[in-house]
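Structure file protein19.pdb (PDB, C-alpha atoms, pLDDT in the B column) is printed below.
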ATOM      1  CA  MET A   1       0.000   0.000   0.000  1.00 86.00           C
ATOM      2  CA  ALA A   2       2.876   2.361   0.762  1.00 89.00           C
ATOM      3  CA  LEU A   3       4.472   1.584  -2.609  1.00 88.00           C
ATOM      4  CA  LEU A   4       1.159   2.221  -4.321  1.00 86.00           C
ATOM      5  CA  ALA A   5       0.790   5.538  -2.479  1.00 87.00           C
ATOM      6  CA  ILE A   6       4.159   6.914  -3.585  1.00 88.00           C
ATOM      7  CA  ALA A   7       4.330   5.263  -7.021  1.00 88.00           C
ATOM      8  CA  PRO A   8       5.594   7.753  -9.633  1.00 88.00           C
ATOM      9  CA  HIS A   9       4.561   5.518 -12.537  1.00 88.00           C
ATOM     10  CA  VAL A  10       1.801   3.061 -13.349  1.00 89.00           C
ATOM     11  CA  LEU A  11       4.278   0.177 -13.570  1.00 90.00           C
ATOM     12  CA  VAL A  12       5.464   0.827 -10.011  1.00 89.00           C
ATOM     13  CA  ALA A  13       1.836   0.987  -8.915  1.00 89.00           C
ATOM     14  CA  ALA A  14       1.187  -2.316 -10.691  1.00 91.00           C
ATOM     15  CA  VAL A  15       4.024  -3.962  -8.778  1.00 90.00           C
ATOM     16  CA  GLY A  16       2.551  -2.631  -5.528  1.00 88.00           C
ATOM     17  CA  MET A  17      -0.889  -3.978  -6.425  1.00 90.00           C
ATOM     18  CA  ILE A  18       0.554  -7.417  -7.271  1.00 92.00           C
ATOM     19  CA  LEU A  19       2.400  -7.571  -3.949  1.00 90.00           C
ATOM     20  CA  PHE A  20      -0.716  -6.464  -2.118  1.00 88.00           C
ATOM     21  CA  GLY A  21      -2.778  -9.113  -3.910  1.00 90.00           C
ATOM     22  CA  PHE A  22      -0.361 -11.873  -2.905  1.00 91.00           C
ATOM     23  CA  GLY A  23      -0.329 -10.613   0.663  1.00 88.00           C
ATOM     24  CA  TRP A  24      -4.108 -10.320   0.853  1.00 86.00           C
ATOM     25  CA  VAL A  25      -4.786 -13.833  -0.434  1.00 91.00           C
ATOM     26  CA  THR A  26      -2.062 -15.349   1.761  1.00 91.00           C
ATOM     27  CA  ALA A  27      -3.212 -13.556   4.917  1.00 87.00           C
ATOM     28  CA  ALA A  28      -6.861 -14.450   4.357  1.00 87.00           C
ATOM     29  CA  SER A  29      -6.045 -18.121   3.710  1.00 88.00           C
ATOM     30  CA  VAL A  30      -3.685 -18.478   6.675  1.00 87.00           C
ATOM     31  CA  THR A  31      -6.070 -16.703   9.039  1.00 86.00           C
ATOM     32  CA  GLN A  32      -9.012 -18.863   8.032  1.00 86.00           C
ATOM     33  CA  GLY A  33      -6.903 -22.008   8.324  1.00 85.00           C
ATOM     34  CA  ALA A  34      -5.730 -20.976  11.792  1.00 84.00           C
ATOM     35  CA  ALA A  35      -9.318 -20.358  12.863  1.00 82.00           C
ATOM     36  CA  GLN A  36     -10.272 -23.877  11.782  1.00 82.00           C
ATOM     37  CA  MET A  37      -7.289 -25.604  13.370  1.00 80.00           C
ATOM     38  CA  ALA A  38      -7.689 -23.783  16.692  1.00 78.00           C
ATOM     39  CA  ALA A  39     -11.243 -25.073  17.208  1.00 78.00           C
ATOM     40  CA  PRO A  40     -12.114 -28.626  18.322  1.00 74.00           C
ATOM     41  CA  GLY A  41     -13.480 -30.793  15.534  1.00 73.00           C
ATOM     42  CA  TRP A  42     -16.997 -31.018  16.956  1.00 73.00           C
ATOM     43  CA  VAL A  43     -17.443 -27.221  16.925  1.00 77.00           C
ATOM     44  CA  ARG A  44     -15.203 -26.301  13.989  1.00 81.00           C
ATOM     45  CA  SER A  45     -17.979 -25.351  11.557  1.00 82.00           C
ATOM     46  CA  ARG A  46     -19.584 -23.113  14.181  1.00 83.00           C
ATOM     47  CA  ALA A  47     -16.264 -21.437  14.990  1.00 85.00           C
ATOM     48  CA  LEU A  48     -15.551 -20.878  11.294  1.00 88.00           C
ATOM     49  CA  ALA A  49     -18.983 -19.316  10.807  1.00 90.00           C
ATOM     50  CA  ILE A  50     -18.315 -16.872  13.660  1.00 91.00           C
ATOM     51  CA  PHE A  51     -14.870 -16.105  12.222  1.00 90.00           C
ATOM     52  CA  GLN A  52     -16.305 -15.373   8.767  1.00 91.00           C
ATOM     53  CA  LEU A  53     -19.039 -13.198  10.249  1.00 93.00           C
ATOM     54  CA  ALA A  54     -16.496 -11.127  12.196  1.00 92.00           C
ATOM     55  CA  PHE A  55     -14.065 -11.000   9.262  1.00 90.00           C
ATOM     56  CA  ASN A  56     -16.655  -9.798   6.755  1.00 92.00           C
ATOM     57  CA  PHE A  57     -18.116  -7.308   9.237  1.00 94.00           C
ATOM     58  CA  ALA A  58     -14.652  -5.832   9.798  1.00 92.00           C
ATOM     59  CA  LEU A  59     -14.084  -5.762   6.032  1.00 90.00           C
ATOM     60  CA  ALA A  60     -17.315  -3.843   5.453  1.00 93.00           C
ATOM     61  CA  CYS A  61     -16.539  -1.361   8.247  1.00 94.00           C
ATOM     62  CA  GLY A  62     -12.997  -0.885   6.955  1.00 91.00           C
ATOM     63  CA  THR A  63     -14.283  -0.217   3.439  1.00 91.00           C
ATOM     64  CA  PHE A  64     -16.468   2.650   4.628  1.00 93.00           C
ATOM     65  CA  PHE A  65     -13.827   4.022   7.016  1.00 93.00           C
ATOM     66  CA  TRP A  66     -10.900   4.116   4.606  1.00 91.00           C
ATOM     67  CA  GLY A  67     -13.147   5.367   1.821  1.00 92.00           C
ATOM     68  CA  TRP A  68     -14.148   8.251   4.065  1.00 92.00           C
ATOM     69  CA  ILE A  69     -10.473   8.929   4.927  1.00 92.00           C
ATOM     70  CA  GLY A  70      -9.554   8.925   1.231  1.00 91.00           C
ATOM     71  CA  THR A  71     -12.331  11.342   0.410  1.00 92.00           C
ATOM     72  CA  THR A  72     -11.467  13.627   3.316  1.00 92.00           C
ATOM     73  CA  VAL A  73      -7.649  13.841   3.235  1.00 92.00           C
ATOM     74  CA  GLY A  74      -6.752  12.364  -0.158  1.00 91.00           C
ATOM     75  CA  LEU A  75      -5.991   8.958  -1.630  1.00 89.00           C
ATOM     76  CA  THR A  76      -2.210   9.099  -1.139  1.00 90.00           C
ATOM     77  CA  GLU A  77      -2.508  10.073   2.503  1.00 92.00           C
ATOM     78  CA  ALA A  78      -5.156   7.400   3.128  1.00 92.00           C
ATOM     79  CA  LEU A  79      -2.948   4.685   1.603  1.00 91.00           C
ATOM     80  CA  LEU A  80       0.058   5.769   3.663  1.00 92.00           C
ATOM     81  CA  ALA A  81      -2.023   5.879   6.838  1.00 93.00           C
ATOM     82  CA  SER A  82      -3.432   2.442   6.051  1.00 91.00           C
ATOM     83  CA  ALA A  83       0.054   1.014   5.447  1.00 91.00           C
ATOM     84  CA  GLY A  84       1.315   2.480   8.722  1.00 93.00           C
ATOM     85  CA  THR A  85      -1.705   1.149  10.619  1.00 92.00           C
ATOM     86  CA  GLY A  86      -1.214  -2.300   9.137  1.00 89.00           C
ATOM     87  CA  LEU A  87       2.455  -2.312  10.179  1.00 91.00           C
ATOM     88  CA  VAL A  88       1.631  -1.304  13.756  1.00 93.00           C
ATOM     89  CA  LEU A  89      -1.139  -3.908  14.032  1.00 89.00           C
ATOM     90  CA  ALA A  90       1.114  -6.624  12.614  1.00 87.00           C
ATOM     91  CA  VAL A  91       3.686  -5.893  15.332  1.00 91.00           C
ATOM     92  CA  LEU A  92       1.047  -5.812  18.084  1.00 91.00           C
ATOM     93  CA  ALA A  93      -0.548  -9.053  16.855  1.00 85.00           C
ATOM     94  CA  ARG A  94       2.692 -10.944  17.523  1.00 85.00           C
ATOM     95  CA  GLY A  95       1.939 -10.646  21.234  1.00 83.00           C
ATOM     96  CA  PHE A  96      -1.201 -12.758  20.893  1.00 79.00           C
ATOM     97  CA  ASP A  97      -1.525 -16.492  20.304  1.00 73.00           C
ATOM     98  CA  ILE A  98      -4.697 -18.098  19.013  1.00 66.00           C
ATOM     99  CA  ASP A  99      -3.703 -21.351  20.753  1.00 59.00           C
ATOM    100  CA  SER A 100      -2.910 -19.790  24.144  1.00 51.00           C
ATOM    101  CA  ALA A 101      -5.977 -21.346  25.808  1.00 48.00           C
ATOM    102  CA  SER A 102      -4.733 -24.854  25.051  1.00 45.00           C
ATOM    103  CA  ASP A 103      -1.361 -24.080  26.651  1.00 46.00           C
ATOM    104  CA  ALA A 104      -2.792 -23.658  30.144  1.00 47.00           C
ATOM    105  CA  PRO A 105      -0.540 -25.239  32.763  1.00 48.00           C
ATOM    106  CA  ALA A 106      -1.627 -28.669  33.920  1.00 46.00           C
ATOM    107  CA  PRO A 107      -2.473 -29.093  37.607  1.00 46.00           C
ATOM    108  CA  PRO A 108      -0.077 -30.952  39.916  1.00 47.00           C
ATOM    109  CA  PRO A 109       0.019 -34.700  39.181  1.00 45.00           C
ATOM    110  CA  GLU A 110      -1.430 -35.590  42.577  1.00 46.00           C
ATOM    111  CA  ILE A 111      -4.835 -34.093  41.708  1.00 46.00           C
ATOM    112  CA  VAL A 112      -5.116 -35.339  38.141  1.00 52.00           C
ATOM    113  CA  GLU A 113      -7.116 -38.471  38.764  1.00 58.00           C
ATOM    114  CA  PRO A 114      -9.693 -40.054  36.485  1.00 60.00           C
ATOM    115  CA  ALA A 115     -13.224 -38.937  37.314  1.00 66.00           C
ATOM    116  CA  PRO A 116     -15.516 -41.683  38.596  1.00 70.00           C
ATOM    117  CA  ALA A 117     -17.465 -43.297  35.794  1.00 71.00           C
ATOM    118  CA  PRO A 118     -21.271 -43.061  35.882  1.00 76.00           C
ATOM    119  CA  GLU A 119     -23.281 -46.178  36.566  1.00 70.00           C
ATOM    120  CA  ALA A 120     -24.148 -48.287  33.551  1.00 74.00           C
ATOM    121  CA  VAL A 121     -27.553 -47.874  31.958  1.00 77.00           C
ATOM    122  CA  ALA A 122     -30.121 -50.237  33.461  1.00 75.00           C
ATOM    123  CA  PRO A 123     -30.717 -53.212  31.105  1.00 76.00           C
ATOM    124  CA  GLU A 124     -34.411 -52.421  30.733  1.00 68.00           C
ATOM    125  CA  LEU A 125     -33.587 -48.866  29.623  1.00 76.00           C
ATOM    126  CA  VAL A 126     -30.841 -49.599  27.088  1.00 72.00           C
ATOM    127  CA  GLY A 127     -33.302 -49.561  24.203  1.00 72.00           C
ATOM    128  CA  VAL A 128     -34.963 -46.423  25.524  1.00 72.00           C
ATOM    129  CA  VAL A 129     -31.838 -44.265  25.759  1.00 75.00           C
ATOM    130  CA  ARG A 130     -30.671 -45.262  22.286  1.00 66.00           C
ATOM    131  CA  GLU A 131     -33.777 -43.715  20.784  1.00 66.00           C
ATOM    132  CA  ALA A 132     -34.219 -40.957  23.373  1.00 70.00           C
ATOM    133  CA  ARG A 133     -34.637 -37.397  22.167  1.00 73.00           C
ATOM    134  CA  ASN A 134     -35.484 -35.868  25.543  1.00 82.00           C
ATOM    135  CA  ARG A 135     -33.243 -33.723  27.706  1.00 88.00           C
ATOM    136  CA  VAL A 136     -30.725 -35.373  30.011  1.00 92.00           C
ATOM    137  CA  LEU A 137     -30.032 -34.088  33.525  1.00 94.00           C
ATOM    138  CA  GLU A 138     -26.604 -34.892  34.933  1.00 95.00           C
ATOM    139  CA  THR A 139     -25.446 -34.407  38.501  1.00 96.00           C
ATOM    140  CA  GLN A 140     -22.185 -34.632  40.396  1.00 96.00           C
ATOM    141  CA  ALA A 141     -22.192 -34.596  44.208  1.00 96.00           C
ATOM    142  CA  TYR A 142     -19.320 -33.236  46.278  1.00 96.00           C
ATOM    143  CA  ARG A 143     -18.426 -33.363  49.987  1.00 96.00           C
ATOM    144  CA  ILE A 144     -16.312 -30.286  50.606  1.00 96.00           C
ATOM    145  CA  ASP A 145     -14.441 -29.276  53.745  1.00 95.00           C
ATOM    146  CA  PRO A 146     -15.838 -25.832  54.734  1.00 93.00           C
ATOM    147  CA  ALA A 147     -12.254 -24.580  54.964  1.00 94.00           C
ATOM    148  CA  ASP A 148     -11.840 -25.323  51.235  1.00 95.00           C
ATOM    149  CA  GLN A 149     -15.126 -23.700  50.190  1.00 95.00           C
ATOM    150  CA  ASP A 150     -13.678 -20.531  48.631  1.00 95.00           C
ATOM    151  CA  ALA A 151     -11.110 -22.446  46.589  1.00 95.00           C
ATOM    152  CA  PHE A 152     -13.768 -24.967  45.558  1.00 96.00           C
ATOM    153  CA  LEU A 153     -16.123 -22.230  44.357  1.00 96.00           C
ATOM    154  CA  SER A 154     -13.322 -20.670  42.317  1.00 96.00           C
ATOM    155  CA  ALA A 155     -12.698 -24.038  40.698  1.00 95.00           C
ATOM    156  CA  MET A 156     -16.410 -24.503  39.992  1.00 96.00           C
ATOM    157  CA  ALA A 157     -16.499 -21.181  38.127  1.00 96.00           C
ATOM    158  CA  GLU A 158     -14.103 -22.794  35.641  1.00 95.00           C
ATOM    159  CA  VAL A 159     -16.112 -26.023  35.635  1.00 96.00           C
ATOM    160  CA  ARG A 160     -19.177 -24.043  34.602  1.00 96.00           C
ATOM    161  CA  GLU A 161     -17.291 -22.772  31.544  1.00 93.00           C
ATOM    162  CA  VAL A 162     -16.195 -26.304  30.679  1.00 94.00           C
ATOM    163  CA  ARG A 163     -19.729 -27.686  30.879  1.00 94.00           C
ATOM    164  CA  GLY A 164     -20.983 -24.942  28.603  1.00 92.00           C
ATOM    165  CA  ARG A 165     -18.251 -25.541  26.055  1.00 88.00           C
ATOM    166  CA  ILE A 166     -19.028 -29.246  25.765  1.00 90.00           C
ATOM    167  CA  GLY A 167     -22.773 -28.860  25.305  1.00 89.00           C
ATOM    168  CA  ALA A 168     -24.596 -28.026  28.544  1.00 92.00           C
ATOM    169  CA  THR A 169     -27.695 -25.900  27.976  1.00 93.00           C
ATOM    170  CA  ASP A 170     -28.115 -25.133  31.681  1.00 94.00           C
ATOM    171  CA  TRP A 171     -25.824 -25.382  34.726  1.00 97.00           C
ATOM    172  CA  GLN A 172     -26.357 -24.812  38.437  1.00 97.00           C
ATOM    173  CA  LEU A 173     -24.484 -25.430  41.683  1.00 97.00           C
ATOM    174  CA  PHE A 174     -26.610 -26.290  44.731  1.00 97.00           C
ATOM    175  CA  GLU A 175     -25.650 -26.087  48.409  1.00 96.00           C
ATOM    176  CA  ASP A 176     -27.070 -28.600  50.905  1.00 95.00           C
ATOM    177  CA  VAL A 177     -29.020 -26.613  53.524  1.00 94.00           C
ATOM    178  CA  ALA A 178     -28.774 -29.437  56.078  1.00 94.00           C
ATOM    179  CA  HIS A 179     -25.097 -30.290  55.677  1.00 92.00           C
ATOM    180  CA  ALA A 180     -22.516 -27.524  55.226  1.00 91.00           C
ATOM    181  CA  GLU A 181     -20.170 -29.851  53.367  1.00 94.00           C
ATOM    182  CA  GLY A 182     -22.740 -30.993  50.791  1.00 96.00           C
ATOM    183  CA  TRP A 183     -22.765 -29.587  47.244  1.00 97.00           C
ATOM    184  CA  LEU A 184     -24.487 -30.730  44.068  1.00 97.00           C
ATOM    185  CA  GLU A 185     -23.549 -29.742  40.549  1.00 97.00           C
ATOM    186  CA  ALA A 186     -26.355 -30.181  38.007  1.00 97.00           C
ATOM    187  CA  TRP A 187     -26.403 -29.521  34.284  1.00 96.00           C
ATOM    188  CA  THR A 188     -28.586 -30.487  31.341  1.00 95.00           C
ATOM    189  CA  VAL A 189     -27.820 -31.385  27.755  1.00 93.00           C
ATOM    190  CA  GLN A 190     -30.188 -31.432  24.811  1.00 90.00           C
ATOM    191  CA  ASN A 191     -30.456 -35.217  24.416  1.00 88.00           C
ATOM    192  CA  TRP A 192     -28.706 -38.534  25.031  1.00 87.00           C
ATOM    193  CA  THR A 193     -26.556 -38.138  21.925  1.00 86.00           C
ATOM    194  CA  ASP A 194     -25.163 -34.853  23.256  1.00 87.00           C
ATOM    195  CA  HIS A 195     -24.489 -36.571  26.574  1.00 89.00           C
ATOM    196  CA  LEU A 196     -22.421 -39.249  24.832  1.00 87.00           C
ATOM    197  CA  ARG A 197     -20.517 -36.573  22.925  1.00 88.00           C
ATOM    198  CA  GLU A 198     -19.448 -34.761  26.089  1.00 90.00           C
ATOM    199  CA  ALA A 199     -16.485 -37.078  26.660  1.00 86.00           C
ATOM    200  CA  VAL A 200     -14.993 -36.564  23.184  1.00 85.00           C
ATOM    201  CA  ARG A 201     -15.504 -32.800  23.387  1.00 87.00           C
ATOM    202  CA  LEU A 202     -13.271 -32.475  26.452  1.00 88.00           C
ATOM    203  CA  SER A 203      -9.779 -31.133  25.816  1.00 84.00           C
ATOM    204  CA  ASP A 204      -6.820 -31.967  28.046  1.00 85.00           C
ATOM    205  CA  ALA A 205      -7.158 -28.541  29.663  1.00 88.00           C
ATOM    206  CA  ASP A 206     -10.860 -29.192  30.324  1.00 90.00           C
ATOM    207  CA  ARG A 207     -10.084 -32.545  31.953  1.00 90.00           C
ATOM    208  CA  ALA A 208      -7.503 -30.852  34.162  1.00 92.00           C
ATOM    209  CA  ILE A 209     -10.089 -28.298  35.328  1.00 93.00           C
ATOM    210  CA  LEU A 210     -12.621 -31.018  36.190  1.00 94.00           C
ATOM    211  CA  ALA A 211      -9.951 -33.006  38.029  1.00 92.00           C
ATOM    212  CA  ARG A 212      -8.937 -29.920  39.994  1.00 93.00           C
ATOM    213  CA  ALA A 213     -12.513 -29.378  41.181  1.00 94.00           C
ATOM    214  CA  LEU A 214     -13.048 -33.054  41.998  1.00 94.00           C
ATOM    215  CA  ALA A 215      -9.855 -33.076  44.077  1.00 93.00           C
ATOM    216  CA  PHE A 216     -11.651 -30.986  46.738  1.00 95.00           C
ATOM    217  CA  HIS A 217     -14.093 -33.854  47.381  1.00 95.00           C
ATOM    218  CA  ARG A 218     -13.635 -35.615  50.705  1.00 94.00           C
ATOM    219  CA  GLY A 219     -14.708 -39.198  51.195  1.00 91.00           C
ATOM    220  CA  PRO A 220     -15.467 -42.137  48.897  1.00 90.00           C
ATOM    221  CA  PRO A 221     -15.787 -41.300  45.177  1.00 87.00           C
ATOM    222  CA  MET A 222     -19.329 -40.304  44.187  1.00 90.00           C
ATOM    223  CA  PRO A 223     -20.078 -41.243  40.563  1.00 91.00           C
ATOM    224  CA  PRO A 224     -22.092 -38.798  38.459  1.00 93.00           C
ATOM    225  CA  ARG A 225     -25.751 -39.577  37.885  1.00 93.00           C
ATOM    226  CA  ARG A 226     -27.814 -39.207  34.728  1.00 92.00           C
ATOM    227  CA  TYR A 227     -31.555 -38.716  34.407  1.00 92.00           C
ATOM    228  CA  LEU A 228     -33.549 -38.887  31.199  1.00 87.00           C
ATOM    229  CA  ALA A 229     -36.514 -36.516  31.033  1.00 85.00           C
ATOM    230  CA  PHE A 230     -39.789 -38.415  31.237  1.00 79.00           C
ATOM    231  CA  PRO A 231     -42.307 -37.535  28.487  1.00 72.00           C
ATOM    232  CA  PRO A 232     -45.226 -35.562  30.011  1.00 71.00           C
ATOM    233  CA  HIS A 233     -47.815 -37.417  27.919  1.00 66.00           C
ATOM    234  CA  ARG A 234     -46.883 -40.659  29.724  1.00 64.00           C
ATOM    235  CA  LEU A 235     -47.586 -39.290  33.207  1.00 68.00           C
ATOM    236  CA  HIS A 236     -51.190 -40.486  33.001  1.00 66.00           C
ATOM    237  CA  GLY A 237     -50.466 -43.666  31.165  1.00 59.00           C
ATOM    238  CA  GLY A 238     -51.039 -42.124  27.731  1.00 53.00           C
TER     239      GLY A 238
END
Please, can you express the file's structure as C-alpha cells?
Amino acid sequence: MALLAIAPHVLVAAVGMILFGFGWVTAASVTQGAAQMAAPGWVRSRALAIFQLAFNFALACGTFFWGWIGTTVGLTEALLASAGTGLVLAVLARGFDIDSASDAPAPPPEIVEPAPAPEAVAPELVGVVREARNRVLETQAYRIDPADQDAFLSAMAEVREVRGRIGATDWQLFEDVAHAEGWLEAWTVQNWTDHLREAVRLSDADRAILARALAFHRGPPMPPRRYLAFPPHRLHGG
C-alpha cells in the first residue's frame, strides 16, 4: 500500500498492487486455516462461521472508514495511513496467540485423577436411551471441607465454563441446607446423543479443570448420575 501511495509511474503501482494481492490472499487463507485448526473438531464449523461473520463485518466497516479517509484527506494520505496502521497492528498481533488457551498449565500430578465413571444404563432402559430425544439431567455430588469452600467455588467457576463448552444448555451449583459440606452440581444437555458426545468434546485442559474441582471432594468417590426426562404425555399412562 505504501508503494502504491508513492508510485511515480503506473508500472510501479502495478508492482505494488501485485504484492498487495499476494499478501491479501495469503493472509486471508492463513487466518481462516488458523481459525479452523484452533477449534475442536466437533465445533469447527460453528467457529468458522463466527470467524467469517467477524471478518466480513470488519471488512465492510474498513471499506467505509478508509473510503471516508480517502475522500477527506486524499488517496495518497489514506494509503500511507493504512500502510502504517497495518504495520503497527502486525507488530502488536505478535503478542497474541490463538492457541494460548490450550497451553494452560496442567495441575499438579497428585490431583489429576480419572473422574468416577457413571453407573451403567439399566438393562431395561438400554433400548430407551438409544432412541431418546429428551433432555438429560446430569449431577455430580461433592463433599467439601468448609475450609476449602472458597477455593472450591473458584474451581467450579471454571467447571461451569467447561460444561458450557461441551454442550450443557443449563448449569447450576446447589448447596445442601442441612449439611454444610454438601454440594451438588447439576447440568442439562439437549439429548442422550449430546451426553455421549461430552467425553470426546473435552480437551486436556478441560479434563484438568474437572480433576482440579473433583480433588476438593472428601470421602469415597461419588459417581455422576444421569436422568432422562420423562415424556409428560406418559404421566397419566397415555
Quote the spacing between atom CA of A:Ile6 and atom CA of A:Thr76 in Å to one decimal place.
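Computed distance, atom CA of A:Ile6 to atom CA of A:Thr76, equals 7.2 Å.
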Can you tell me which residues surround A:Leu137 at a distance of at most 12 Å, considering only C-alpha atoms, apart from same-chain residues fewer than 3 positions away, and format the answer as a ChimeraX atom specification?
/A:134,140,168-172,185-192,194-195,224-230
Given the PyMOL selection byres ((chain A and resi 79) around 8), the residues it picks as a PyMOL selection string
chain A and resi 1-2+4-5+70+75-78+80-83
Pick out the closest residue to A:Arg165 from this set: A:Gly62, A:Gly33, A:Gly21, A:Pro40. Count all atoms listed in the file.
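Closest to A:Arg165 of all the choices is A:Pro40.
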With all atoms listed in the file as the counted atoms, please give the residues lying no more than 10 Å from A:Ala35, apart from itself and same-chain residues fewer than 3 positions off, as an MDAnalysis selection string.
chainID A and resid 29:32 38:39 44 47:52 98:99
Atom CA of A:Trp183 and atom CA of A:Ala141 are how many Å apart?
5.9 Å
Residues within 12 Å of (-16.1, -35.1, 18.2), counting only C-alpha atoms, listed as a list of chain:residue names:
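Checked against the point, the hits come out as A:Ala39, A:Pro40, A:Gly41, A:Trp42, A:Val43, A:Arg44, A:Ser45, A:Ile166, A:Gly167, A:Thr193, A:Asp194, A:His195, A:Leu196, A:Arg197, A:Glu198, A:Ala199, A:Val200, A:Arg201, A:Leu202, A:Ser203.
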Between atom CA of A:Ser154 and atom CA of A:Glu138, what is the distance, to one decimal in Å?
20.8 Å
Could you give me the centre and size, in Å to one decimal, of an axis-aligned box around all listed atoms of stretch 22-34 of chain A with 6 Å added on every side, as lines of an AutoDock Vina configuration file?
center_x = -4.7
center_y = -16.2
center_z = 4.4
size_x = 20.7
size_y = 23.7
size_z = 26.7
If I put a ball of radius 8 Å at (-19.3, -40.8, 38.3) in the file's coordinates, which residues poke into it when counting all atoms listed in the file, written as an NGL selection string?
:A and (115-119 or 140 or 221-225)
Keeping only C-alpha atoms, write the selected residues to a file as an mmCIF file, in the frame of the given file.
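Everything below was put into out_19.cif:
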data_model
loop_
_atom_site.group_PDB
_atom_site.id
_atom_site.type_symbol
_atom_site.label_atom_id
_atom_site.label_comp_id
_atom_site.auth_asym_id
_atom_site.auth_seq_id
_atom_site.Cartn_x
_atom_site.Cartn_y
_atom_site.Cartn_z
ATOM 1 C CA ALA A 115 -13.224 -38.937 37.314
ATOM 2 C CA PRO A 116 -15.516 -41.683 38.596
ATOM 3 C CA ALA A 117 -17.465 -43.297 35.794
ATOM 4 C CA PRO A 118 -21.271 -43.061 35.882
ATOM 5 C CA GLU A 119 -23.281 -46.178 36.566
ATOM 6 C CA GLN A 140 -22.185 -34.632 40.396
ATOM 7 C CA PRO A 221 -15.787 -41.300 45.177
ATOM 8 C CA MET A 222 -19.329 -40.304 44.187
ATOM 9 C CA PRO A 223 -20.078 -41.243 40.563
ATOM 10 C CA PRO A 224 -22.092 -38.798 38.459
ATOM 11 C CA ARG A 225 -25.751 -39.577 37.885
#
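Running the PyMOL selection byres ((chain A and resi 182) around 8) on this file leaves Ala141, Tyr142, Arg143, Ile144, Glu175, Asp176, His179, Ala180, Glu181, Trp183 and Leu184 of chain A selected.
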Rebuild N, CA and C atoms on stretch 61-76 of chain A, as a compact mmCIF listing (two decimals), in the frame of the given file?
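For reference, result.txt as written:
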# COMPACT_ATOMS: atom_id res chain seq x y z
N CYS A 61 -16.80 -2.59 7.48
CA CYS A 61 -16.54 -1.36 8.25
C CYS A 61 -15.28 -0.67 7.74
N GLY A 62 -14.23 -1.47 7.46
CA GLY A 62 -13.00 -0.88 6.96
C GLY A 62 -13.18 -0.22 5.60
N THR A 63 -14.03 -0.80 4.75
CA THR A 63 -14.28 -0.22 3.44
C THR A 63 -14.87 1.19 3.57
N PHE A 64 -15.86 1.34 4.42
CA PHE A 64 -16.47 2.65 4.63
C PHE A 64 -15.49 3.63 5.28
N PHE A 65 -14.73 3.13 6.28
CA PHE A 65 -13.83 4.02 7.02
C PHE A 65 -12.72 4.56 6.13
N TRP A 66 -12.01 3.66 5.42
CA TRP A 66 -10.90 4.12 4.61
C TRP A 66 -11.38 4.87 3.37
N GLY A 67 -12.57 4.56 2.89
CA GLY A 67 -13.15 5.37 1.82
C GLY A 67 -13.42 6.80 2.27
N TRP A 68 -13.90 6.91 3.51
CA TRP A 68 -14.15 8.25 4.07
C TRP A 68 -12.83 9.00 4.27
N ILE A 69 -11.79 8.30 4.75
CA ILE A 69 -10.47 8.93 4.93
C ILE A 69 -9.93 9.40 3.58
N GLY A 70 -10.04 8.56 2.55
CA GLY A 70 -9.55 8.93 1.23
C GLY A 70 -10.27 10.13 0.66
N THR A 71 -11.57 10.20 0.89
CA THR A 71 -12.33 11.34 0.41
C THR A 71 -11.99 12.61 1.18
N THR A 72 -11.69 12.47 2.46
CA THR A 72 -11.47 13.63 3.32
C THR A 72 -10.06 14.20 3.17
N VAL A 73 -9.03 13.33 3.23
CA VAL A 73 -7.65 13.84 3.24
C VAL A 73 -6.89 13.54 1.95
N GLY A 74 -7.43 12.69 1.08
CA GLY A 74 -6.75 12.36 -0.16
C GLY A 74 -6.35 10.91 -0.22
N LEU A 75 -6.26 10.38 -1.44
CA LEU A 75 -5.99 8.96 -1.63
C LEU A 75 -4.58 8.58 -1.19
N THR A 76 -3.59 9.41 -1.53
CA THR A 76 -2.21 9.10 -1.14
C THR A 76 -2.05 9.04 0.37
